[in-house]
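Coordinates as given in protein-v1.txt (compact mmCIF, C-alpha atoms):
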```txt
# COMPACT_ATOMS: atom_id res chain seq x y z
CA MET A 52 0.00 0.00 0.00
CA LYS A 53 1.17 3.48 -0.76
CA ARG A 54 1.80 5.10 2.56
CA TYR A 55 1.16 8.74 3.24
CA VAL A 56 3.94 10.57 5.07
CA LEU A 57 2.99 13.38 7.39
CA LEU A 58 5.03 16.50 6.61
CA LEU A 59 5.28 18.08 10.03
CA THR A 60 8.44 20.16 9.74
CA GLY A 61 6.74 23.12 8.10
CA LEU A 62 3.89 23.03 10.57
CA LEU A 63 6.27 23.15 13.52
CA ALA A 64 8.14 26.07 12.03
CA THR A 65 4.98 28.17 11.69
CA ALA A 66 3.12 27.11 14.84
CA CYS A 67 3.37 30.28 16.91
CA VAL A 68 0.27 29.80 19.04
CA ASP A 69 -0.25 26.08 19.41
CA PRO A 70 2.37 23.90 21.10
CA PRO A 71 4.19 21.42 18.82
CA THR A 72 2.17 18.45 20.03
CA ALA A 73 -1.08 20.24 19.15
CA ALA A 74 0.21 21.03 15.65
CA ARG A 75 1.27 17.44 15.12
CA ALA A 76 -2.05 16.12 16.38
CA ALA A 77 -3.99 18.46 14.09
CA ALA A 78 -1.91 17.33 11.11
CA ALA A 79 -2.36 13.65 11.97
CA GLU A 80 -6.08 14.07 12.50
CA SER A 81 -6.74 15.87 9.23
CA THR A 82 -4.31 14.48 6.65
CA ASP A 83 -3.96 10.70 6.99
CA PRO A 84 -6.48 9.26 4.47
CA LEU A 85 -6.37 5.74 5.86
CA ALA A 86 -6.94 6.90 9.44
CA LEU A 87 -9.83 9.09 8.28
CA THR A 88 -11.36 6.12 6.50
CA PHE A 89 -11.27 4.00 9.65
CA GLU A 90 -12.74 6.88 11.65
CA GLN A 91 -15.66 7.12 9.22
CA LEU A 92 -16.21 3.38 9.54
CA ALA A 93 -16.06 3.61 13.36
CA GLU A 94 -18.65 6.39 13.37
CA GLN A 95 -20.88 4.41 11.04
CA ALA A 96 -20.62 1.41 13.38
CA ARG A 97 -21.27 3.58 16.44
CA GLY A 98 -24.50 4.81 14.89
CA VAL A 99 -25.92 1.28 14.82
CA GLY A 100 -24.45 0.05 18.10
CA ASP A 101 -21.89 -2.32 16.57
CA VAL A 102 -19.44 -2.29 19.50
CA ALA A 103 -16.94 -4.74 18.00
CA ARG A 104 -16.51 -2.67 14.84
CA VAL A 105 -16.26 0.62 16.77
CA GLU A 106 -13.36 -0.87 18.73
CA GLY A 107 -11.64 -2.41 15.72
CA PHE A 108 -11.81 0.63 13.44
CA THR A 109 -10.80 3.04 16.23
CA PHE A 110 -7.65 1.02 16.91
CA ALA A 111 -7.03 0.67 13.16
CA ALA A 112 -7.00 4.46 12.88
CA LEU A 113 -4.48 4.63 15.72
CA ALA A 114 -2.33 2.10 13.86
CA ALA A 115 -2.46 4.09 10.63
CA ARG A 116 -1.25 7.20 12.44
CA ALA A 117 1.48 5.15 14.15
CA GLY A 118 2.85 4.22 10.71
CA ILE A 119 2.10 0.49 10.75
CA THR A 120 2.72 -1.01 7.29
CA PRO A 121 -0.06 -3.45 6.32
CA SER A 122 0.47 -6.91 4.88
CA ILE A 123 -1.08 -8.40 1.76
CA LEU A 124 -3.80 -10.87 2.69
CA ASN A 125 -5.08 -13.25 0.00
CA VAL A 126 -8.77 -13.70 0.75
CA ARG A 127 -11.14 -16.13 -0.92
CA ILE A 128 -14.68 -14.74 -1.26
CA GLY A 129 -16.93 -17.37 -2.72
CA THR A 130 -14.82 -18.81 -5.54
CA VAL A 131 -12.75 -15.67 -6.18
CA ASN A 132 -9.34 -14.92 -4.67
CA GLU A 133 -8.62 -11.24 -3.99
CA ALA A 134 -5.65 -9.40 -2.48
CA TYR A 135 -6.47 -7.21 0.52
CA GLU A 136 -4.30 -4.97 2.66
CA ALA A 137 -4.54 -5.92 6.32
CA PHE A 138 -3.17 -5.61 9.83
CA VAL A 139 -4.04 -6.92 13.27
CA SER A 140 -4.60 -4.91 16.43
CA THR A 141 -4.47 -6.19 19.97
CA VAL A 142 -4.95 -4.01 23.04
CA ASP A 143 -4.11 -4.15 26.74
CA PHE A 144 -5.06 -1.66 29.42
CA ASN A 145 -3.04 -0.11 32.22
CA LEU A 146 -5.88 1.39 34.22
CA GLY A 147 -4.69 0.81 37.78
CA ALA A 148 -8.15 -0.45 38.75
CA GLN A 149 -10.84 -2.66 37.27
CA VAL A 150 -13.23 -0.79 34.99
CA ALA A 151 -16.51 -2.67 34.81
CA SER A 152 -17.59 -1.08 31.51
CA ARG A 153 -14.39 -2.04 29.68
CA VAL A 154 -14.94 -4.72 26.99
CA PRO A 155 -12.83 -7.89 27.33
CA ALA A 156 -9.44 -8.28 25.67
CA HIS A 157 -9.69 -9.22 22.02
CA ARG A 158 -7.85 -9.08 18.70
CA THR A 159 -9.09 -7.51 15.49
CA LEU A 160 -8.05 -8.23 11.91
CA THR A 161 -8.89 -5.31 9.63
CA ALA A 162 -8.57 -5.81 5.87
CA TRP A 163 -9.54 -3.57 2.96
CA ARG A 164 -9.49 -3.52 -0.82
CA ARG A 165 -10.10 -0.38 -2.88
CA GLY A 166 -11.54 -1.09 -6.31
CA THR A 167 -11.35 0.93 -9.52
CA ASP A 168 -15.14 0.55 -9.68
CA GLY A 169 -15.47 3.03 -6.80
CA VAL A 170 -16.31 0.32 -4.26
CA THR A 171 -14.24 -0.15 -1.10
CA ARG A 172 -14.42 -3.65 0.38
CA ILE A 173 -13.73 -4.05 4.09
CA LEU A 174 -13.36 -7.10 6.32
CA SER A 175 -13.39 -6.84 10.11
CA LEU A 176 -12.86 -10.00 12.18
CA THR A 177 -12.50 -10.26 15.95
CA THR A 178 -11.60 -13.05 18.33
CA PRO A 179 -11.18 -13.09 22.14
CA SER A 180 -8.38 -15.69 21.97
CA ASP A 181 -5.93 -17.37 19.60
CA SER A 182 -8.84 -19.12 17.90
CA ALA A 183 -12.57 -19.07 18.55
CA PRO A 184 -15.80 -20.16 16.86
CA VAL A 185 -18.12 -17.50 15.51
CA LEU A 186 -20.83 -16.46 17.94
CA SER A 187 -24.01 -16.14 15.89
CA PRO A 188 -25.34 -12.57 16.04
CA LEU A 189 -28.84 -14.02 16.27
CA SER A 190 -28.05 -14.93 19.89
CA LEU A 191 -27.25 -11.31 20.75
CA SER A 192 -29.32 -8.23 21.46
CA PRO A 193 -28.27 -4.71 20.36
CA VAL A 194 -29.12 -3.53 23.87
CA GLY A 195 -27.17 -6.26 25.65
CA PRO A 196 -23.98 -5.76 27.69
CA ALA A 197 -20.94 -4.31 25.92
CA ALA A 198 -18.98 -7.51 26.57
CA ALA A 199 -21.47 -9.76 24.77
CA PRO A 200 -20.13 -9.29 21.18
CA PHE A 201 -16.69 -10.46 22.37
CA ALA A 202 -17.80 -13.75 23.90
CA GLY A 203 -16.86 -15.47 20.63
CA ALA A 204 -15.44 -14.57 17.24
CA SER A 205 -17.27 -12.31 14.80
CA ALA A 206 -16.84 -11.19 11.20
CA LEU A 207 -18.34 -8.43 9.07
CA TYR A 208 -17.87 -7.83 5.33
CA GLN A 209 -18.83 -4.48 3.83
CA GLU A 210 -18.97 -3.04 0.33
CA THR A 211 -19.33 0.74 0.25
CA THR A 212 -19.06 3.82 -1.92
CA ARG A 213 -19.84 6.10 1.03
CA ILE A 214 -16.33 6.13 2.47
CA THR A 215 -14.68 8.94 0.48
CA SER A 216 -11.45 9.82 2.27
CA LEU A 217 -9.30 7.43 0.22
CA GLY A 218 -10.28 9.15 -3.01
CA THR A 219 -11.15 5.92 -4.85
CA ASN A 220 -14.82 6.58 -5.51
CA THR A 221 -15.98 7.49 -9.00
CA ALA A 222 -18.80 9.81 -10.03
CA SER A 223 -20.54 6.97 -11.87
CA ALA A 224 -20.49 4.56 -8.92
CA PRO A 225 -23.88 4.12 -7.22
CA VAL A 226 -24.14 5.18 -3.59
CA THR A 227 -24.26 1.91 -1.73
CA ASP A 228 -23.57 0.16 1.54
CA GLU A 229 -23.89 -3.62 1.63
CA PHE A 230 -23.15 -5.63 4.77
CA TRP A 231 -22.65 -9.34 5.41
CA MET A 232 -22.30 -10.86 8.89
CA ALA A 233 -20.86 -14.27 9.78
CA GLN A 234 -23.23 -16.74 11.41
CA THR A 235 -20.93 -19.77 11.57
CA GLY A 236 -17.23 -20.58 11.22
CA PHE A 237 -14.04 -19.73 13.09
CA VAL A 238 -11.46 -16.97 13.35
CA LYS A 239 -7.82 -17.55 14.31
CA VAL A 240 -5.49 -14.67 15.19
CA ARG A 241 -2.38 -15.85 17.02
CA GLU A 242 0.50 -13.61 18.06
CA ALA A 243 3.76 -14.91 16.58
CA SER A 244 6.23 -12.22 17.73
CA SER A 245 6.51 -8.66 18.97
CA GLY A 246 9.33 -6.27 19.58
CA ALA A 247 10.15 -2.91 18.00
CA ALA A 248 8.31 0.27 18.83
CA CYS A 249 5.81 1.50 16.27
CA PRO A 250 7.37 3.63 13.50
CA VAL A 251 5.76 6.84 14.79
CA ASP A 252 5.70 7.47 18.54
CA PRO A 253 2.09 8.33 19.49
CA LEU A 254 3.42 11.03 21.82
CA LYS A 255 4.93 12.83 18.82
CA LEU A 256 1.46 13.05 17.30
CA GLY A 257 -0.05 14.62 20.39
CA MET A 258 -1.47 11.33 21.72
CA THR A 259 -1.16 10.60 25.42
CA GLY A 260 -1.56 7.39 27.39
CA VAL A 261 -0.76 5.21 24.35
CA ALA A 262 2.21 2.84 24.06
CA CYS A 263 2.58 1.06 20.72
CA ARG A 264 4.75 -1.88 19.68
CA GLN A 265 4.89 -3.73 16.38
CA ALA A 266 3.94 -7.40 16.21
CA ARG A 267 3.42 -10.29 13.81
CA PHE A 268 0.39 -12.55 13.80
CA THR A 269 -0.66 -15.81 12.18
CA VAL A 270 -4.21 -15.64 10.89
CA ARG A 271 -6.75 -17.92 9.31
CA PHE A 272 -10.52 -17.86 9.09
CA ASP A 273 -13.39 -19.64 7.40
CA VAL A 274 -16.82 -18.09 7.90
CA ALA A 275 -20.26 -18.38 6.31
CA MET A 276 -21.90 -14.97 6.01
CA GLN A 277 -25.45 -13.86 5.42
CA ARG A 278 -26.47 -10.47 4.06
CA LEU A 279 -27.83 -7.91 6.52
CA SER A 280 -30.91 -5.82 5.80
CA ALA A 281 -30.08 -3.58 8.76
CA ARG A 282 -27.22 -3.38 11.23
CA PRO A 283 -26.17 -4.65 13.61
CA TYR A 284 -28.00 -8.04 13.56
CA THR A 285 -31.03 -7.96 11.23
CA PHE A 286 -30.61 -10.38 8.35
CA ALA A 287 -32.20 -10.18 4.92
CA ALA A 288 -35.19 -12.44 4.35
CA THR A 289 -33.45 -14.34 1.56
CA ALA A 290 -31.01 -16.91 2.93
CA VAL A 291 -28.20 -16.14 0.48
CA THR A 292 -24.83 -16.94 2.04
CA ARG A 293 -21.28 -16.02 1.16
CA ARG A 294 -18.22 -17.94 2.27
CA VAL A 295 -15.14 -15.89 3.18
CA SER A 296 -11.93 -17.74 4.00
CA LEU A 297 -8.19 -18.15 3.77
CA ASN A 298 -6.87 -21.24 2.02
CA ALA A 299 -4.02 -21.52 4.55
CA GLU A 300 -2.50 -19.66 7.49
CA GLN A 301 -0.97 -16.32 6.55
CA ALA A 302 1.42 -14.01 8.40
CA VAL A 303 0.09 -10.50 9.00
CA THR A 304 1.78 -7.47 10.51
CA GLY A 305 0.15 -5.68 13.40
CA PHE A 306 0.58 -3.84 16.65
CA LYS A 307 0.02 -4.09 20.38
CA LEU A 308 -1.33 -1.08 22.24
CA VAL A 309 -1.18 -0.43 25.96
CA LEU A 310 -3.74 2.23 26.91
CA ALA A 311 -4.00 4.25 30.10
CA CYS A 312 -7.74 4.86 29.61
CA ALA A 313 -10.79 2.74 28.90
CA THR A 314 -12.14 4.71 25.93
CA PRO A 315 -9.37 6.24 23.78
CA THR A 316 -9.99 8.33 20.69
CA SER A 317 -8.35 7.51 17.37
CA SER A 318 -6.57 10.87 17.06
CA ARG A 319 -5.69 11.90 20.65
CA GLY A 320 -5.41 8.58 22.44
CA CYS A 321 -6.20 9.16 26.10
CA GLY A 322 -5.69 12.92 25.81
```

I'd like the structure from this file rewritten - as structure tokens, please.
Amino acid sequence: MKRYVLLLTGLLATACVDPPTAARAAAAESTDPLALTFEQLAEQARGVGDVARVEGFTFAALAARAGITPSILNVRIGTVNEAYEAFVSTVDFNLGAQVASRVPAHRTLTAWRRGTDGVTRILSLTTPSDSAPVLSPLSLSPVGPAAAPFAGASALYQETTRITSLGTNTASAPVTDEFWMAQTGFVKVREASSGAACPVDPLKLGMTGVACRQARFTVRFDVAMQRLSARPYTFAATAVTRRVSLNAEQAVTGFKLVLACATPTSSRGCG
């Protein structure tokens, strides 16, 4: 993926009123197309109460601003193999005390593919452990506890022309959002190694309470999805399914965050 480099030197030279960290944060918040895309997706998920996707896309935006380079993930959708860009996020909390409202620990695989047809395709898969079976959304309630969506694995596939920050949409493309949710299958996201600090220190972007380290993960999934008529858990009347899978385990880059707050933002961390 072509990465976008934040040009902060000029901003720092002309920032007479705001402190350097504020200038950096403003630049990061407004100019990183990938981070802006994930923020739009997080807001979209928040509007329908999809807690798992709010978490995943928020942390994906943090990763984009931290300079994480995605991997190529070869995904099989139905009978077609497609190359996606992807990374994994995993999060730990350093809160000093138990926070009852905090969702359980989990890992999220975020993958995306931007088409010349103006359609962006997004996969978001979560698991609470190295490997877990999919928890059918039909067993959940949108008004249930925040921890409920993380009791098992979950997967959402989206096709959209509404997400515009990547600049891939075309004037002729119809305005569309199509969602598919997994009802059965499994998701595996296992940490293989971790070590170096993330390429961009979150503190240098005006984020506080965020520590970031790079990691590598082994992933595989095989899920059967059904189209949604409304999010988060209302399925279309027709029982058309779509299988989304990996033919074999694949290595994916990612990151581990340690957060000093329960509800960070994607541009300021715990600040």

Compile the contact shell of Glu229 in chain A as an mmCIF file with C-alpha atoms, in the coordinates of the input: residues with an atom at most 10 Å away, counting only C-alpha atoms, same-chain residues fewer than 6 positions apart removed.
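After the write, out.cif holds the following:
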```cif
data_model
loop_
_atom_site.group_PDB
_atom_site.id
_atom_site.type_symbol
_atom_site.label_atom_id
_atom_site.label_comp_id
_atom_site.auth_asym_id
_atom_site.auth_seq_id
_atom_site.Cartn_x
_atom_site.Cartn_y
_atom_site.Cartn_z
ATOM 1 C CA ARG A 172 -14.420 -3.650 0.380
ATOM 2 C CA TYR A 208 -17.870 -7.830 5.330
ATOM 3 C CA GLN A 209 -18.830 -4.480 3.830
ATOM 4 C CA GLU A 210 -18.970 -3.040 0.330
ATOM 5 C CA THR A 211 -19.330 0.740 0.250
ATOM 6 C CA THR A 212 -19.060 3.820 -1.920
ATOM 7 C CA ARG A 278 -26.470 -10.470 4.060
ATOM 8 C CA LEU A 279 -27.830 -7.910 6.520
ATOM 9 C CA SER A 280 -30.910 -5.820 5.800
ATOM 10 C CA ALA A 281 -30.080 -3.580 8.760
#
```

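A straight line drawn from CA of Val261 in chain A to CA of Phe110 in chain A is 11.0 Å long.
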
Exercise. Measure the distance from CA of Ser140 in chain A to CA of Pro188 in chain A in Å and round it to one decimal.
Key: 22.1 Å

Quiz item: Between CA of Ile123 in chain A and CA of Lys239 in chain A, what is the spacing in Å?
Solution: 16.9 Å

Quiz item: Using only C-alpha atoms, which of the listed residues (A:Cys312, A:Val303, A:Val102, A:Leu191) sits closest to Ser244 in chain A?
Solution: A:Val303

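Among A:Arg165, A:Arg271, A:Arg97, A:Arg127, the residue with the shortest atom-to-atom distance to Thr178 in chain A, counting only C-alpha atoms, is A:Arg271.
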
Quiz item: Which one of A:Arg241, A:Arg264, A:Arg164, A:Arg104 sits closest to Ser205 in chain A if you count all atoms listed in the file?
Solution: A:Arg104

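In this comparison, which uses only C-alpha atoms, the residue of A:Asn132, A:Gln234, A:Gln91, A:Thr289 approaching Pro184 in chain A most closely is A:Gln234.
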
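Omitting Val270 in chain A and its sequence neighbours fewer than 5 positions away, and counting all atoms listed in the file, the residues within 10 Å are Leu124, Val139, Leu160, Asp181, Ser182, Val238, Lys239, Val240, Arg241, Glu242, Ala243, Leu297, Ala299, Glu300, Gln301, Ala302 and Val303 of chain A.
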
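Distance annotation: of A:Thr269, A:Ser187, A:Ser317, A:Gln95, the residue with the minimal separation from Ala112 in chain A is A:Ser317; atom set is all atoms listed in the file.
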
Self-check item: Selection: 7 Å around Ser175 in chain A, all atoms listed in the file, excl. self and same-chain fewer than 5 positions, as number ranges by chain
Solution: A: 159-162, 206-208

Exercise. Have a look at A:Asn298, A:Thr285, A:Ser180, A:Thr316 and name the one nearest to Glu133 in chain A; count only C-alpha atoms.
Key: A:Asn298
